[in-house]
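Engineer: This is the content of input.pdb (PDB, C-alpha atoms):
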```pdb
ATOM      1  CA  MET B   1      -1.355   9.289  13.971
ATOM      2  CA  LYS B   2      -0.256   9.876  10.390
ATOM      3  CA  PHE B   3      -2.683  10.135   7.498
ATOM      4  CA  GLY B   4      -2.483   8.925   3.934
ATOM      5  CA  LEU B   5      -4.592   9.198   0.800
ATOM      6  CA  VAL B   6      -5.280   6.480  -1.761
ATOM      7  CA  ALA B   7      -6.394   8.190  -4.979
ATOM      8  CA  THR B   8      -8.648   5.473  -6.371
ATOM      9  CA  SER B   9      -9.269   7.126  -9.752
ATOM     10  CA  GLY B  10      -5.950   8.084 -11.286
ATOM     11  CA  GLY B  11      -5.927  11.570 -12.734
ATOM     12  CA  ALA B  12      -9.093  12.784 -11.012
ATOM     13  CA  LEU B  13      -7.071  15.001  -8.682
ATOM     14  CA  ASN B  14      -4.709  16.440 -11.305
ATOM     15  CA  ASP B  15      -6.011  19.986 -10.903
ATOM     16  CA  HIS B  16      -5.681  19.811  -7.107
ATOM     17  CA  ILE B  17      -2.398  17.962  -6.522
ATOM     18  CA  ALA B  18      -0.583  20.984  -5.070
ATOM     19  CA  GLU B  19      -3.559  21.737  -2.813
ATOM     20  CA  VAL B  20      -3.728  18.136  -1.575
ATOM     21  CA  ASP B  21      -0.041  18.428  -0.675
ATOM     22  CA  GLU B  22      -0.971  21.166   1.826
ATOM     23  CA  LEU B  23      -3.740  19.244   3.628
ATOM     24  CA  GLY B  24      -1.522  17.310   6.022
ATOM     25  CA  PHE B  25      -1.409  13.906   4.341
ATOM     26  CA  GLU B  26       1.792  11.973   4.953
ATOM     27  CA  THR B  27       1.428   9.833   1.818
ATOM     28  CA  PHE B  28      -0.229  10.048  -1.587
ATOM     29  CA  ASN B  29      -0.872   6.631  -3.097
ATOM     30  CA  VAL B  30      -2.348   5.289  -6.314
ATOM     31  CA  VAL B  31      -3.652   1.855  -7.303
ATOM     32  CA  ASP B  32      -1.677  -0.379  -9.668
ATOM     33  CA  HIS B  33      -3.859  -2.849 -11.613
ATOM     34  CA  PRO B  34      -3.296  -3.686 -15.306
ATOM     35  CA  SER B  35      -7.045  -4.033 -15.876
ATOM     36  CA  PHE B  36      -7.993  -0.678 -14.332
ATOM     37  CA  ASP B  37      -8.605   2.347 -16.549
ATOM     38  CA  THR B  38      -5.981   4.397 -14.698
ATOM     39  CA  PRO B  39      -2.571   5.836 -15.640
ATOM     40  CA  ASP B  40       0.544   3.736 -15.156
ATOM     41  CA  ALA B  41       1.129   4.082 -11.422
ATOM     42  CA  TRP B  42       4.841   4.885 -11.276
ATOM     43  CA  THR B  43       4.824   7.085 -14.374
ATOM     44  CA  TYR B  44       1.984   9.063 -12.818
ATOM     45  CA  LEU B  45       3.801   9.346  -9.479
ATOM     46  CA  ALA B  46       6.808  10.812 -11.307
ATOM     47  CA  TRP B  47       4.440  13.526 -12.575
ATOM     48  CA  VAL B  48       3.083  14.055  -9.046
ATOM     49  CA  ALA B  49       6.625  14.294  -7.681
ATOM     50  CA  ALA B  50       7.259  17.429  -9.737
ATOM     51  CA  ARG B  51       4.127  19.104  -8.368
ATOM     52  CA  THR B  52       4.427  18.316  -4.659
ATOM     53  CA  GLU B  53       6.962  18.891  -1.913
ATOM     54  CA  LYS B  54       5.681  17.182   1.230
ATOM     55  CA  MET B  55       3.770  13.960   0.657
ATOM     56  CA  ARG B  56       5.506  10.617   0.300
ATOM     57  CA  LEU B  57       4.505   8.916  -2.946
ATOM     58  CA  GLY B  58       3.620   5.268  -3.391
ATOM     59  CA  THR B  59       1.258   2.502  -4.420
ATOM     60  CA  HIS B  60      -1.441   0.562  -2.586
ATOM     61  CA  VAL B  61      -0.299  -1.763  -3.972
ATOM     62  CA  THR B  62       1.875  -2.779  -6.912
ATOM     63  CA  GLY B  63       1.468  -6.436  -7.878
ATOM     64  CA  MET B  64       4.866  -8.115  -8.185
ATOM     65  CA  PRO B  65       3.695 -10.570 -10.885
ATOM     66  CA  PHE B  66       3.117  -7.677 -13.317
ATOM     67  CA  HIS B  67       6.607  -6.175 -13.151
ATOM     68  CA  SER B  68      10.140  -7.267 -13.882
ATOM     69  CA  PRO B  69      12.353  -6.479 -10.878
ATOM     70  CA  LEU B  70      14.628  -4.335 -13.068
ATOM     71  CA  GLN B  71      11.751  -2.270 -14.447
ATOM     72  CA  LEU B  72      10.191  -1.779 -11.028
ATOM     73  CA  ALA B  73      13.513  -0.944  -9.349
ATOM     74  CA  LYS B  74      14.151   1.769 -11.939
ATOM     75  CA  GLN B  75      10.620   3.183 -11.663
ATOM     76  CA  VAL B  76      10.758   3.452  -7.873
ATOM     77  CA  ALA B  77      14.306   4.840  -7.888
ATOM     78  CA  THR B  78      13.285   7.423 -10.497
ATOM     79  CA  VAL B  79      10.340   8.619  -8.394
ATOM     80  CA  ASP B  80      12.581   8.648  -5.316
ATOM     81  CA  THR B  81      15.103  10.830  -7.160
ATOM     82  CA  LEU B  82      12.536  13.208  -8.646
ATOM     83  CA  SER B  83      10.813  13.618  -5.270
ATOM     84  CA  ASN B  84      14.055  14.030  -3.305
ATOM     85  CA  GLY B  85      13.552  10.843  -1.318
ATOM     86  CA  ARG B  86       9.771  10.486  -0.959
ATOM     87  CA  ALA B  87       9.033   7.153  -2.682
ATOM     88  CA  VAL B  88       7.365   4.272  -0.822
ATOM     89  CA  LEU B  89       6.902   0.892  -2.502
ATOM     90  CA  GLY B  90       3.608  -0.707  -1.560
ATOM     91  CA  ILE B  91       3.722  -4.214  -3.006
ATOM     92  CA  GLY B  92       1.804  -7.460  -2.865
ATOM     93  CA  THR B  93       1.096 -10.829  -4.436
ATOM     94  CA  ALA B  94      -1.848  -9.536  -6.563
ATOM     95  CA  TYR B  95      -5.173 -11.341  -6.529
ATOM     96  CA  GLU B  96      -7.494 -10.102  -9.275
ATOM     97  CA  HIS B  97      -7.976 -12.677 -12.026
ATOM     98  CA  ALA B  98      -8.691  -9.955 -14.585
ATOM     99  CA  ASP B  99      -5.151  -8.613 -14.111
ATOM    100  CA  PHE B 100      -3.422 -11.841 -15.104
ATOM    101  CA  GLU B 101      -4.269 -14.044 -18.096
ATOM    102  CA  PRO B 102      -5.839 -11.343 -20.320
ATOM    103  CA  TYR B 103      -2.531  -9.437 -20.211
ATOM    104  CA  GLY B 104      -0.204 -12.409 -20.493
ATOM    105  CA  PHE B 105       0.725 -12.768 -16.805
ATOM    106  CA  GLU B 106       0.782 -16.237 -15.262
ATOM    107  CA  MET B 107      -1.232 -16.490 -12.052
ATOM    108  CA  LEU B 108       0.516 -18.895  -9.699
ATOM    109  CA  ASP B 109      -1.251 -20.290  -6.661
ATOM    110  CA  PHE B 110      -1.093 -18.108  -3.551
ATOM    111  CA  LEU B 111       2.009 -19.697  -2.005
ATOM    112  CA  GLY B 112       3.717 -19.528  -5.379
ATOM    113  CA  ARG B 113       2.955 -15.817  -5.564
ATOM    114  CA  VAL B 114       4.317 -15.333  -2.035
ATOM    115  CA  ASP B 115       7.587 -16.960  -3.126
ATOM    116  CA  GLN B 116       7.596 -14.852  -6.296
ATOM    117  CA  LEU B 117       7.091 -11.699  -4.235
ATOM    118  CA  GLU B 118       9.884 -12.489  -1.793
ATOM    119  CA  GLU B 119      12.276 -13.288  -4.610
ATOM    120  CA  GLY B 120      11.339 -10.040  -6.349
ATOM    121  CA  ILE B 121      11.864  -7.989  -3.185
ATOM    122  CA  ARG B 122      15.298  -9.532  -2.660
ATOM    123  CA  ILE B 123      16.265  -8.514  -6.195
ATOM    124  CA  LEU B 124      14.897  -4.992  -5.730
ATOM    125  CA  LYS B 125      16.946  -4.546  -2.565
ATOM    126  CA  SER B 126      20.013  -5.896  -4.297
ATOM    127  CA  PHE B 127      19.639  -3.485  -7.225
ATOM    128  CA  TRP B 128      19.203  -0.559  -4.861
ATOM    129  CA  THR B 129      22.003  -1.372  -2.439
ATOM    130  CA  GLU B 130      24.708  -3.312  -4.315
ATOM    131  CA  GLU B 131      26.976  -2.488  -7.237
ATOM    132  CA  THR B 132      26.249  -5.741  -9.067
ATOM    133  CA  THR B 133      23.495  -8.296  -8.708
ATOM    134  CA  GLU B 134      23.538 -12.029  -9.404
ATOM    135  CA  LEU B 135      20.570 -14.132  -8.398
ATOM    136  CA  GLU B 136      19.256 -17.406  -9.692
ATOM    137  CA  GLY B 137      15.853 -18.298  -8.374
ATOM    138  CA  GLU B 138      12.646 -20.014  -9.361
ATOM    139  CA  HIS B 139      10.999 -16.922 -10.853
ATOM    140  CA  TYR B 140      13.826 -14.582 -11.881
ATOM    141  CA  ARG B 141      17.407 -15.155 -13.004
ATOM    142  CA  LEU B 142      20.173 -12.560 -13.245
ATOM    143  CA  GLU B 143      23.486 -13.509 -14.783
ATOM    144  CA  GLY B 144      26.906 -11.973 -15.194
ATOM    145  CA  GLY B 145      26.807  -9.405 -12.414
ATOM    146  CA  ALA B 146      23.910  -7.166 -13.463
ATOM    147  CA  THR B 147      24.490  -3.481 -12.722
ATOM    148  CA  PHE B 148      21.865  -0.909 -11.855
ATOM    149  CA  GLY B 149      21.391   2.845 -11.805
ATOM    150  CA  PRO B 150      20.330   5.322 -10.656
ATOM    151  CA  LYS B 151      20.476   4.511  -6.965
ATOM    152  CA  PRO B 152      17.564   5.832  -4.888
ATOM    153  CA  VAL B 153      17.990   8.852  -2.645
ATOM    154  CA  GLN B 154      16.753   7.005   0.444
ATOM    155  CA  GLN B 155      19.294   4.708   2.045
ATOM    156  CA  PRO B 156      19.539   1.820   2.177
ATOM    157  CA  HIS B 157      16.418   1.861  -0.030
ATOM    158  CA  PRO B 158      12.871   3.277  -0.176
ATOM    159  CA  PRO B 159      10.513   1.761   2.403
ATOM    160  CA  ILE B 160       8.807  -1.470   1.358
ATOM    161  CA  MET B 161       5.235  -2.001   2.530
ATOM    162  CA  ILE B 162       3.421  -5.299   1.941
ATOM    163  CA  GLY B 163      -0.354  -5.376   1.606
ATOM    164  CA  LEU B 164      -2.105  -8.221   3.443
ATOM    165  CA  ASN B 165      -5.214  -8.924   5.495
ATOM    166  CA  ARG B 166      -4.526 -12.145   7.412
ATOM    167  CA  ARG B 167      -1.860 -14.180   9.124
ATOM    168  CA  GLY B 168       0.043 -16.905   7.313
ATOM    169  CA  ALA B 169       2.860 -17.248   4.804
ATOM    170  CA  LEU B 170       2.616 -13.708   3.479
ATOM    171  CA  LEU B 171       2.741 -12.200   6.971
ATOM    172  CA  ARG B 172       5.790 -14.302   7.839
ATOM    173  CA  MET B 173       7.474 -13.135   4.653
ATOM    174  CA  ALA B 174       6.613  -9.501   5.471
ATOM    175  CA  ALA B 175       8.304  -9.959   8.828
ATOM    176  CA  ARG B 176      11.456 -11.020   6.979
ATOM    177  CA  GLN B 177      11.471  -8.470   4.176
ATOM    178  CA  ALA B 178       9.208  -5.450   4.766
ATOM    179  CA  ASP B 179       9.389  -2.145   6.587
ATOM    180  CA  ALA B 180       5.609  -1.960   6.988
ATOM    181  CA  LEU B 181       2.434  -3.877   6.344
ATOM    182  CA  ASN B 182      -0.863  -2.466   5.155
ATOM    183  CA  THR B 183      -4.380  -3.747   5.775
ATOM    184  CA  TRP B 184      -7.403  -2.989   3.635
ATOM    185  CA  GLN B 185     -10.751  -2.191   5.292
ATOM    186  CA  LEU B 186     -10.143  -4.158   8.474
ATOM    187  CA  GLY B 187     -11.603  -2.774  11.694
ATOM    188  CA  PRO B 188      -9.514  -2.117  14.829
ATOM    189  CA  ALA B 189     -10.250  -5.510  16.430
ATOM    190  CA  GLN B 190      -9.182  -7.336  13.262
ATOM    191  CA  VAL B 191      -6.028  -5.227  13.001
ATOM    192  CA  ALA B 192      -5.223  -5.912  16.674
ATOM    193  CA  GLU B 193      -5.379  -9.662  16.065
ATOM    194  CA  LEU B 194      -3.189  -9.355  12.980
ATOM    195  CA  THR B 195      -0.709  -7.181  14.887
ATOM    196  CA  GLU B 196      -0.259  -9.913  17.488
ATOM    197  CA  HIS B 197       0.622 -12.406  14.783
ATOM    198  CA  ALA B 198       2.927  -9.862  13.144
ATOM    199  CA  ALA B 199       4.812  -9.418  16.419
ATOM    200  CA  ALA B 200       5.244 -13.183  16.753
ATOM    201  CA  ALA B 201       6.450 -13.431  13.138
ATOM    202  CA  CYS B 202       8.984 -10.650  13.723
ATOM    203  CA  GLU B 203      10.349 -12.371  16.813
ATOM    204  CA  GLU B 204      10.627 -15.611  14.849
ATOM    205  CA  ALA B 205      12.536 -13.702  12.151
ATOM    206  CA  GLY B 206      14.861 -12.202  14.761
ATOM    207  CA  ARG B 207      13.725  -8.594  14.477
ATOM    208  CA  ASP B 208      12.070  -6.080  16.766
ATOM    209  CA  PRO B 209       8.283  -5.978  16.118
ATOM    210  CA  ALA B 210       8.450  -2.205  16.567
ATOM    211  CA  ASP B 211      10.450  -2.023  13.323
ATOM    212  CA  LEU B 212       7.480  -3.289  11.281
ATOM    213  CA  ALA B 213       5.003  -0.420  10.968
ATOM    214  CA  ILE B 214       1.276  -1.136  10.734
ATOM    215  CA  THR B 215      -0.861   0.973   8.373
ATOM    216  CA  SER B 216      -4.540   0.683   7.471
ATOM    217  CA  ASP B 217      -6.571   1.716   4.417
ATOM    218  CA  LEU B 218     -10.128   2.809   5.191
ATOM    219  CA  ILE B 219     -13.109   3.857   3.122
ATOM    220  CA  LEU B 220     -14.222   7.461   3.592
ATOM    221  CA  ALA B 221     -17.998   7.777   3.988
ATOM    222  CA  ARG B 222     -18.518  11.392   5.027
ATOM    223  CA  GLY B 223     -21.874  12.002   6.707
ATOM    224  CA  GLN B 224     -23.027   8.376   6.476
ATOM    225  CA  THR B 225     -24.635   6.288   9.211
ATOM    226  CA  GLN B 226     -23.309   3.022  10.635
ATOM    227  CA  GLU B 227     -25.975   1.122   8.686
ATOM    228  CA  ALA B 228     -24.863   2.791   5.466
ATOM    229  CA  ALA B 229     -21.208   2.085   6.316
ATOM    230  CA  ASP B 230     -22.031  -1.615   6.736
ATOM    231  CA  GLN B 231     -23.726  -1.599   3.335
ATOM    232  CA  ILE B 232     -20.737   0.119   1.728
ATOM    233  CA  ALA B 233     -18.326  -2.408   3.243
ATOM    234  CA  GLY B 234     -20.534  -5.330   2.227
ATOM    235  CA  GLY B 235     -20.833  -4.052  -1.326
ATOM    236  CA  ILE B 236     -17.074  -3.665  -1.705
ATOM    237  CA  ALA B 237     -16.501  -7.121  -0.187
ATOM    238  CA  HIS B 238     -18.905  -8.641  -2.713
ATOM    239  CA  MET B 239     -17.110  -6.870  -5.540
ATOM    240  CA  ALA B 240     -13.652  -7.900  -4.292
ATOM    241  CA  ARG B 241     -14.707 -11.550  -4.011
ATOM    242  CA  GLY B 242     -15.900 -11.382  -7.599
ATOM    243  CA  TRP B 243     -12.448 -10.139  -8.559
ATOM    244  CA  GLY B 244     -10.800 -13.128  -6.890
ATOM    245  CA  ARG B 245     -10.247 -12.152  -3.254
ATOM    246  CA  SER B 246     -10.993 -14.825  -0.674
ATOM    247  CA  GLU B 247     -13.800 -14.535   1.861
ATOM    248  CA  LEU B 248     -11.126 -15.036   4.519
ATOM    249  CA  VAL B 249      -9.598 -11.630   3.748
ATOM    250  CA  THR B 250     -12.833  -9.732   3.040
ATOM    251  CA  GLN B 251     -14.682  -9.967   6.342
ATOM    252  CA  TRP B 252     -15.533  -6.291   6.278
ATOM    253  CA  ASP B 253     -18.064  -4.161   8.127
ATOM    254  CA  HIS B 254     -18.327  -0.559   9.338
ATOM    255  CA  GLY B 255     -15.105  -1.013  11.344
ATOM    256  CA  GLY B 256     -13.137  -0.403   8.159
ATOM    257  CA  VAL B 257     -15.185   2.626   7.091
ATOM    258  CA  LEU B 258     -14.748   6.150   8.433
ATOM    259  CA  PHE B 259     -18.278   7.502   8.624
ATOM    260  CA  GLY B 260     -20.321  10.238  10.242
ATOM    261  CA  ASP B 261     -18.902  13.640  11.108
ATOM    262  CA  GLY B 262     -15.369  14.679  12.011
ATOM    263  CA  ASP B 263     -15.881  13.992  15.728
ATOM    264  CA  HIS B 264     -16.975  10.425  15.071
ATOM    265  CA  MET B 265     -14.113   9.806  12.663
ATOM    266  CA  LEU B 266     -11.616  11.020  15.254
ATOM    267  CA  GLU B 267     -13.086   8.502  17.721
ATOM    268  CA  GLN B 268     -12.703   5.741  15.124
ATOM    269  CA  ILE B 269      -9.136   6.767  14.389
ATOM    270  CA  ALA B 270      -8.314   6.741  18.109
ATOM    271  CA  ALA B 271      -9.345   3.069  18.160
ATOM    272  CA  PHE B 272      -6.837   2.310  15.396
ATOM    273  CA  ASP B 273      -4.167   4.263  17.248
ATOM    274  CA  ALA B 274      -4.856   2.191  20.351
ATOM    275  CA  VAL B 275      -4.033  -1.069  18.529
ATOM    276  CA  GLY B 276      -0.747   0.207  17.127
ATOM    277  CA  VAL B 277      -1.676   1.552  13.703
ATOM    278  CA  GLU B 278       0.794   4.279  12.708
ATOM    279  CA  GLU B 279      -1.024   5.590   9.637
ATOM    280  CA  VAL B 280      -4.588   5.429   8.338
ATOM    281  CA  ALA B 281      -5.193   6.161   4.668
ATOM    282  CA  ILE B 282      -8.541   7.175   3.223
ATOM    283  CA  SER B 283      -9.603   5.914  -0.202
ATOM    284  CA  SER B 284     -11.116   8.715  -2.264
ATOM    285  CA  SER B 285     -10.671  10.772  -5.423
ATOM    286  CA  ASP B 286     -13.284  13.407  -4.571
ATOM    287  CA  TYR B 287     -11.389  16.606  -3.813
ATOM    288  CA  ASP B 288     -14.243  18.150  -1.809
ATOM    289  CA  ASP B 289     -14.339  15.116   0.526
ATOM    290  CA  ILE B 290     -10.550  15.038   0.756
ATOM    291  CA  ALA B 291     -10.342  18.743   1.607
ATOM    292  CA  TRP B 292     -13.137  18.305   4.176
ATOM    293  CA  PHE B 293     -11.199  15.454   5.770
ATOM    294  CA  GLY B 294      -8.080  17.580   5.934
ATOM    295  CA  GLU B 295      -9.927  20.384   7.703
ATOM    296  CA  ASN B 296     -12.211  18.359   9.975
ATOM    297  CA  VAL B 297     -10.050  15.373  10.865
ATOM    298  CA  ILE B 298      -6.340  15.830  10.107
ATOM    299  CA  ALA B 299      -6.166  19.411  11.360
ATOM    300  CA  ARG B 300      -7.962  18.430  14.577
ATOM    301  CA  SER B 301      -6.103  15.176  15.241
ATOM    302  CA  GLY B 302      -3.433  16.860  17.322
TER     303      GLY B 302
END
```
Could you render the structure from this file as structure tokens?
Structural biologist:
Amino acid sequence: MKFGLVATSGGALNDHIAEVDELGFETFNVVDHPSFDTPDAWTYLAWVAARTEKMRLGTHVTGMPFHSPLQLAKQVATVDTLSNGRAVLGIGTAYEHADFEPYGFEMLDFLGRVDQLEEGIRILKSFWTEETTELEGEHYRLEGGATFGPKPVQQPHPPIMIGLNRRGALLRMAARQADALNTWQLGPAQVAELTEHAAAACEEAGRDPADLAITSDLILARGQTQEAADQIAGGIAHMARGWGRSELVTQWDHGGVLFGDGDHMLEQIAAFDAVGVEEVAISSSDYDDIAWFGENVIARSG
């Protein structure tokens, strides 16, 4: 099992970035919401790139509606270059109403945002892998053989991970376009069900299901009980629904929360491993909790 970190409060770990890099985390991720009081995600990751050597650097997740493909392609390629090939693009349709209209972004319906995301990913790949790009679509239009530089270090391009929590159009699109998919706060049984649908979608798309990695974001609740973990999950679900997330994708309980001591967390992580999850990422910006997790879980995971 690999381990990742989602730094939920950008900048809170600035004084400890080099130390976090030594704790055994595979990835260091930041959130990317226009309405959040956090640094610009990809600018901040460029800063992190200069202060780390091991962790892959990415977002959980960047909303495609808030970025032009050219801008995003350059940002990711820049981080990939500065980090010597450690960038990972976590990307999604975006869902939070507060991120859209107040900042001048149009919020299409869900299927419209899925189409917008797929079109954006196709352009990103084209910028990264081709000398010139021409694409006329519903959401973006490139004319005259657009050129792009610099090319990313990773070939053919940095990994693309799509955030989702249920089967449907977005999962089918991930099977066509992504290298990985990421779930948020789902328990092992929910991930297992989603993995079955992902395998079917990959086969329909003509690819090996093993080529689509499954990763899971979990809440870290060090020392808490199962009852407290249920309350934490319920509180976050209530908040997320207020932001605009559907009840269908926020059926959360203690299964998506790592709680108790290190032994119990290792048992929970084993359950994710058993259903095919390749990486679990904890959401936290508390260095003491993160360091504890490194010592008591990552170092003992074998």
Engineer: Could you tell me, as an mmCIF file with C-alpha atoms, in the frame of the given file, exactly which residues end up selected when the PyMOL selection byres ((chain B and resi 285) around 6) is applied to this structure?
Structural biologist:
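To be explicit, this is the file written out as expr-v1.cif:
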```cif
data_model
loop_
_atom_site.group_PDB
_atom_site.id
_atom_site.type_symbol
_atom_site.label_atom_id
_atom_site.label_comp_id
_atom_site.auth_asym_id
_atom_site.auth_seq_id
_atom_site.Cartn_x
_atom_site.Cartn_y
_atom_site.Cartn_z
ATOM 1 C CA ALA B 7 -6.394 8.190 -4.979
ATOM 2 C CA THR B 8 -8.648 5.473 -6.371
ATOM 3 C CA SER B 9 -9.269 7.126 -9.752
ATOM 4 C CA SER B 284 -11.116 8.715 -2.264
ATOM 5 C CA ASP B 286 -13.284 13.407 -4.571
#
```
Engineer: Give as a PyMOL selection string each residue that has an atom at most 12 Å from (27.2, -0.8, -8.8) in the file, counting all atoms listed in the file.
Structural biologist: chain B and resi 126-134+145-151
Engineer: With all atoms listed in the file as the basis for distance, which of B:Leu170, B:Ala94, B:Asn165, B:Leu72 is at the shortest distance from Gly120 (chain B)?
Structural biologist: B:Leu72
Engineer: Work out how far apart CA of Ala299 (chain B) and CA of Ile214 (chain B) are and give it in Å to one decimal.
Structural biologist: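 Going from CA of Ala299 (chain B) over to CA of Ile214 (chain B) covers 21.9 Å.
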Engineer: I'd like the contact shell of region 73-86 of chain B - 10 Å cut-off, all atoms listed in the file, skipping same-chain residues fewer than 6 positions apart - returned as a PyMOL selection string.
Structural biologist: chain B and resi 27+41-58+67+120-121+123-128+148-155+157-159
Engineer: Starting from the displayed file, determine the output of the PyMOL selection byres ((chain B and resi 20-22) around 9) and express the residue list as a PDB file with C-alpha atoms, in the frame of the given file.
Structural biologist:
```pdb
ATOM      1  CA  LEU B  13      -7.071  15.001  -8.682  1.00  0.00           C
ATOM      2  CA  HIS B  16      -5.681  19.811  -7.107  1.00  0.00           C
ATOM      3  CA  ILE B  17      -2.398  17.962  -6.522  1.00  0.00           C
ATOM      4  CA  ALA B  18      -0.583  20.984  -5.070  1.00  0.00           C
ATOM      5  CA  GLU B  19      -3.559  21.737  -2.813  1.00  0.00           C
ATOM      6  CA  LEU B  23      -3.740  19.244   3.628  1.00  0.00           C
ATOM      7  CA  GLY B  24      -1.522  17.310   6.022  1.00  0.00           C
ATOM      8  CA  PHE B  25      -1.409  13.906   4.341  1.00  0.00           C
ATOM      9  CA  GLU B  26       1.792  11.973   4.953  1.00  0.00           C
ATOM     10  CA  PHE B  28      -0.229  10.048  -1.587  1.00  0.00           C
ATOM     11  CA  ARG B  51       4.127  19.104  -8.368  1.00  0.00           C
ATOM     12  CA  THR B  52       4.427  18.316  -4.659  1.00  0.00           C
ATOM     13  CA  GLU B  53       6.962  18.891  -1.913  1.00  0.00           C
ATOM     14  CA  LYS B  54       5.681  17.182   1.230  1.00  0.00           C
ATOM     15  CA  MET B  55       3.770  13.960   0.657  1.00  0.00           C
ATOM     16  CA  TYR B 287     -11.389  16.606  -3.813  1.00  0.00           C
ATOM     17  CA  ILE B 290     -10.550  15.038   0.756  1.00  0.00           C
ATOM     18  CA  ALA B 291     -10.342  18.743   1.607  1.00  0.00           C
ATOM     19  CA  GLY B 294      -8.080  17.580   5.934  1.00  0.00           C
TER      20      GLY B 294
END
```
Engineer: Edge lengths and centre in Å to one decimal, as AutoDock Vina command-line options, of the axis-aligned box that encloses all listed atoms of region 83-96 of chain B with 8 Å added on every side?
Structural biologist:
```
--center_x 3.3 --center_y 1.3 --center_z -5.0 --size_x 37.5 --size_y 41.4 --size_z 24.5
```
